[in-house]
Amino acid sequence: MGKFMHDNRLLSQSEVNRRHYSLAAVAVGLGLGVAGLCKALHSGLSIPWVSSRNFFWGSGRVYYVGGLRNLGNNCFLNVILQALASCDGFISFLDNLLATDGLLPEEKAVRMPLLLALSSLLEDLSIVRDERTVLNPHGVMHALSFYVSHFNLTRQQDASEAFLHLLISLRDEFSHCYVPHRSSLADITLSHSKVYKQREGNLPECKRWKQNLFGPFDGTIGSILSCRNCSSVLSLDFENFHCLPLSPVLNANGDITSGCSLVDCLKYFTVVEHLDNYRCDRCWHIIAAKYLSLKSEVDEEKVSKLHTCVDYGTCSCRDMFPLEEMPCSSSSRVTKQLIISQCPKILCIHLLRASVGLDGEPIKHQGHISFPLLLNLSPFVGGALSAGPLATNVQRDGQQALHLYRQLNMQMSLNVLPTGGYLSSQPCKEEATNNSGRSIHVANVDVSSSSSSSSPQPSMSKLYGLSAVVEHYGKCGGGHYAVYRRVASNPDPDDPGKPLAGLGRRWFYISDGDVSEVSEEDVLCVEATLLFYERL
């Protein structure tokens with residue numbers, strides 16, 4: 001730059017005014033940035049917010065969903081609100097809560113501020129418009145702040161934490177307003193009948209309580225501890241979850257393995273662990289019974305007690321033996337496995353990218369984890385894992401999901417895209433080169449469209465369609481969140497019986513108030529942090 005500006009003489013720093021160098025540096029930086037962007041676009045890089053092809057659909061009209069204003073580092077909450085707006089089942093759940101009897105409208109405004117504010121905002125976010133709109137999440141943030149005073153909503157926070165805080169706050173709010181369908185103590189005392197009679201038209205109290213207080217994100221994880229020596233189940237524990245935490249598969253260097261998929265993460269989550277040197281109480285009872293049976297004088301009463309005992313660990317069977325005659329059992333081999341024992345209506349998956357390095361500092365695992373538009377959870381639920389090799393189950397269920405996908409496409413009154421609608425897609429560009437012809441991406445199994453249509457159907461209760469994807473940019477403790485969400489068309493105001501022209505089910509990229517339409521291929525290439533799947 002010095003040669004160019006001063007007759008090809010390379011001047012020292014002291015010979016040239018610093019301002020000239022600053023201007024030159026800015027010019028060079030801008031030039032390189034623009035050149036790099038042009039080259040990237042020319043090479044086929046997809047940038048959602050600048051890709052003009054994404055804005056115009058069939059009729060030439062432009063459609064948007066509402067963005068959300070950033071009120072001070074609250075992008076972590078904005079992406080959760082947008083993701084929830086794409087889940088039809090959650091919006092229906094909120095409507096059912098608001099429709100519950102027992103409170104007058106004015107009482108609901110006072111006692112259910114979060115529920116009312118959230119329902120109203122999600123309804124606005126579900127509307128497809130022909131103009132840009134930026135909505136204000138202040139009402140939801142204000143109502144939520146009463147329940148999470150320790151969780152600052154205007155500072156950088158974790159999106160998965162915000163999601164859990166929101167669900168727990170909703171449950172707390174509604175549980176305080178829940179009115180049981182039962183008479184007062186005075187009414188019951190005056191009644192001649194000792195049996196409580198359910199009011200006509202009302203659900204049974206237990207079913208109604210479960211329907212209102214168990215939300216669509218509620219699922220259950222089971223932990224099974226089994227002894228391989230005596231084939232007994234040592235413990236069976238259950239834990240409720242709103243968001244399923246899955247760790248990515250890492251290589252020896254601690255990086256996400258190349259080609260890692262959501263199915264790989266589910267396999268890793270449900271893998272059978274083998275534990276050695278475990279003391280199994282049932283094994284001891286079996287050995288102790290054999291020890292007594294081999295004695296010259298068999299005590300049938302003691303043998304029977306050992307055989308029929310079920311209070312392992314807390315029983316008094318060991319007291320039957322003197323210390324010097326106490327039978328010793330060898331260490332048992334034990335297996336431990338996690339399963340999804342109850343599937344939620346809406347499955348939220350948290351891909352755990354954050355961890356702690358050897359130096360104690362938080363690190364983020366970068367890298368793409370592939371995920372499908374259509375996920376069959378059958379191989380990872382209940383006893384399905386013991387039916388055979390997991391890879392065989394996944395491949396078989398992929399074929400079944402394809403068959404069901406075809407039937408759904410025939411039944412859906414949607415304007416199906418050339419790629420096969422919202423349930424069908426091509427994988428990322430680097431993966432698509434290995435596939436020829438039209439394919440569907442089902443649970444990381446690409447199945448050719450020429451597959452037999454006579455395959456049996458997978459259980460509908462285990463089949464999920466992708467609704468939203470949350471992505472985080474930057475490092476742990478900072479950065480920015482954006483969301484990709486699926487949007488269904490609302491009726492054309494000119495013709496309520498007809499969907500908006502050219503709009504079936506589309507995907508939008510949303511970064512706070514910035515909204516643009518993207519392709520399914522763009523969505524599948526995202527480095528996801530949170531995935532929202534809705535049960536079909």
# chains A, B, ... in the order shown; residues from 1 in each chain; ligands from 1
$ residues_around --residues "A:Glu161" --least-positions-apart "5" --cutoff "10 Å" --atoms "only C-alpha atoms" --output "ChimeraX atom specification"
/A:76-77,151,166,243
$ select_by_dssp --residues "stretch 119-361 of chain A" --states "strand (DSSP E or B)" --output "PyMOL selection string"
chain A and resi 128-129+134-135+219-227+233-241+244-246+250+256+261+273-278+332-342+346-351+354-356
$ atom_distance --atom1 "atom CA of A:Glu239" --atom2 "atom CA of A:Ile224"
11.8 Å
$ residues_around --residues "stretch 286-303 of chain A" --least-positions-apart "6" --cutoff "10 Å" --atoms "only C-alpha atoms" --output "PDB file with N, CA, C and O atoms, in the first residue's frame"
ATOM      1  N   CYS A 230     -28.309 -64.068  37.388  1.00  0.00           N
ATOM      2  CA  CYS A 230     -29.588 -64.650  37.790  1.00  0.00           C
ATOM      3  C   CYS A 230     -30.758 -64.113  36.972  1.00  0.00           C
ATOM      4  O   CYS A 230     -31.910 -64.477  37.246  1.00  0.00           O
ATOM      5  N   CYS A 317     -32.593 -62.537  56.129  1.00  0.00           N
ATOM      6  CA  CYS A 317     -32.175 -63.892  55.767  1.00  0.00           C
ATOM      7  C   CYS A 317     -30.739 -64.192  56.197  1.00  0.00           C
ATOM      8  O   CYS A 317     -30.402 -65.338  56.533  1.00  0.00           O
ATOM      9  N   ARG A 318     -29.893 -63.199  56.202  1.00  0.00           N
ATOM     10  CA  ARG A 318     -28.494 -63.429  56.569  1.00  0.00           C
ATOM     11  C   ARG A 318     -28.365 -63.767  58.061  1.00  0.00           C
ATOM     12  O   ARG A 318     -27.356 -64.349  58.482  1.00  0.00           O
ATOM     13  N   MET A 320     -29.919 -65.912  59.558  1.00  0.00           N
ATOM     14  CA  MET A 320     -30.122 -67.348  59.787  1.00  0.00           C
ATOM     15  C   MET A 320     -28.796 -68.089  59.894  1.00  0.00           C
ATOM     16  O   MET A 320     -28.760 -69.242  60.329  1.00  0.00           O
ATOM     17  N   PHE A 321     -27.686 -67.461  59.483  1.00  0.00           N
ATOM     18  CA  PHE A 321     -26.394 -68.142  59.456  1.00  0.00           C
ATOM     19  C   PHE A 321     -25.453 -67.538  60.491  1.00  0.00           C
ATOM     20  O   PHE A 321     -25.375 -66.317  60.636  1.00  0.00           O
ATOM     21  N   GLU A 325     -20.408 -69.524  59.148  1.00  0.00           N
ATOM     22  CA  GLU A 325     -21.050 -70.330  58.126  1.00  0.00           C
ATOM     23  C   GLU A 325     -21.721 -69.485  57.031  1.00  0.00           C
ATOM     24  O   GLU A 325     -22.432 -70.018  56.183  1.00  0.00           O
ATOM     25  N   MET A 326     -21.482 -68.180  57.080  1.00  0.00           N
ATOM     26  CA  MET A 326     -22.134 -67.299  56.116  1.00  0.00           C
ATOM     27  C   MET A 326     -21.693 -67.625  54.698  1.00  0.00           C
ATOM     28  O   MET A 326     -20.496 -67.551  54.374  1.00  0.00           O
ATOM     29  N   PRO A 327     -22.624 -67.995  53.783  1.00  0.00           N
ATOM     30  CA  PRO A 327     -22.249 -68.272  52.391  1.00  0.00           C
ATOM     31  C   PRO A 327     -21.755 -67.003  51.700  1.00  0.00           C
ATOM     32  O   PRO A 327     -22.278 -65.903  51.932  1.00  0.00           O
ATOM     33  N   CYS A 328     -20.750 -67.160  50.887  1.00  0.00           N
ATOM     34  CA  CYS A 328     -20.189 -66.034  50.136  1.00  0.00           C
ATOM     35  C   CYS A 328     -20.551 -66.195  48.668  1.00  0.00           C
ATOM     36  O   CYS A 328     -20.319 -67.263  48.076  1.00  0.00           O
ATOM     37  N   SER A 329     -21.115 -65.171  48.114  1.00  0.00           N
ATOM     38  CA  SER A 329     -21.448 -65.203  46.683  1.00  0.00           C
ATOM     39  C   SER A 329     -20.374 -64.468  45.898  1.00  0.00           C
ATOM     40  O   SER A 329     -19.809 -63.480  46.356  1.00  0.00           O
ATOM     41  N   SER A 330     -20.096 -64.944  44.704  1.00  0.00           N
ATOM     42  CA  SER A 330     -19.123 -64.283  43.847  1.00  0.00           C
ATOM     43  C   SER A 330     -19.735 -63.014  43.268  1.00  0.00           C
ATOM     44  O   SER A 330     -20.958 -62.828  43.263  1.00  0.00           O
TER      45      SER A 330
END
$ residues_around --residues "A:His472" --least-positions-apart "5" --cutoff "10 Å" --atoms "only C-alpha atoms" --output "PyMOL selection string"
chain A and resi 76+158-159+353+478-483+526-530
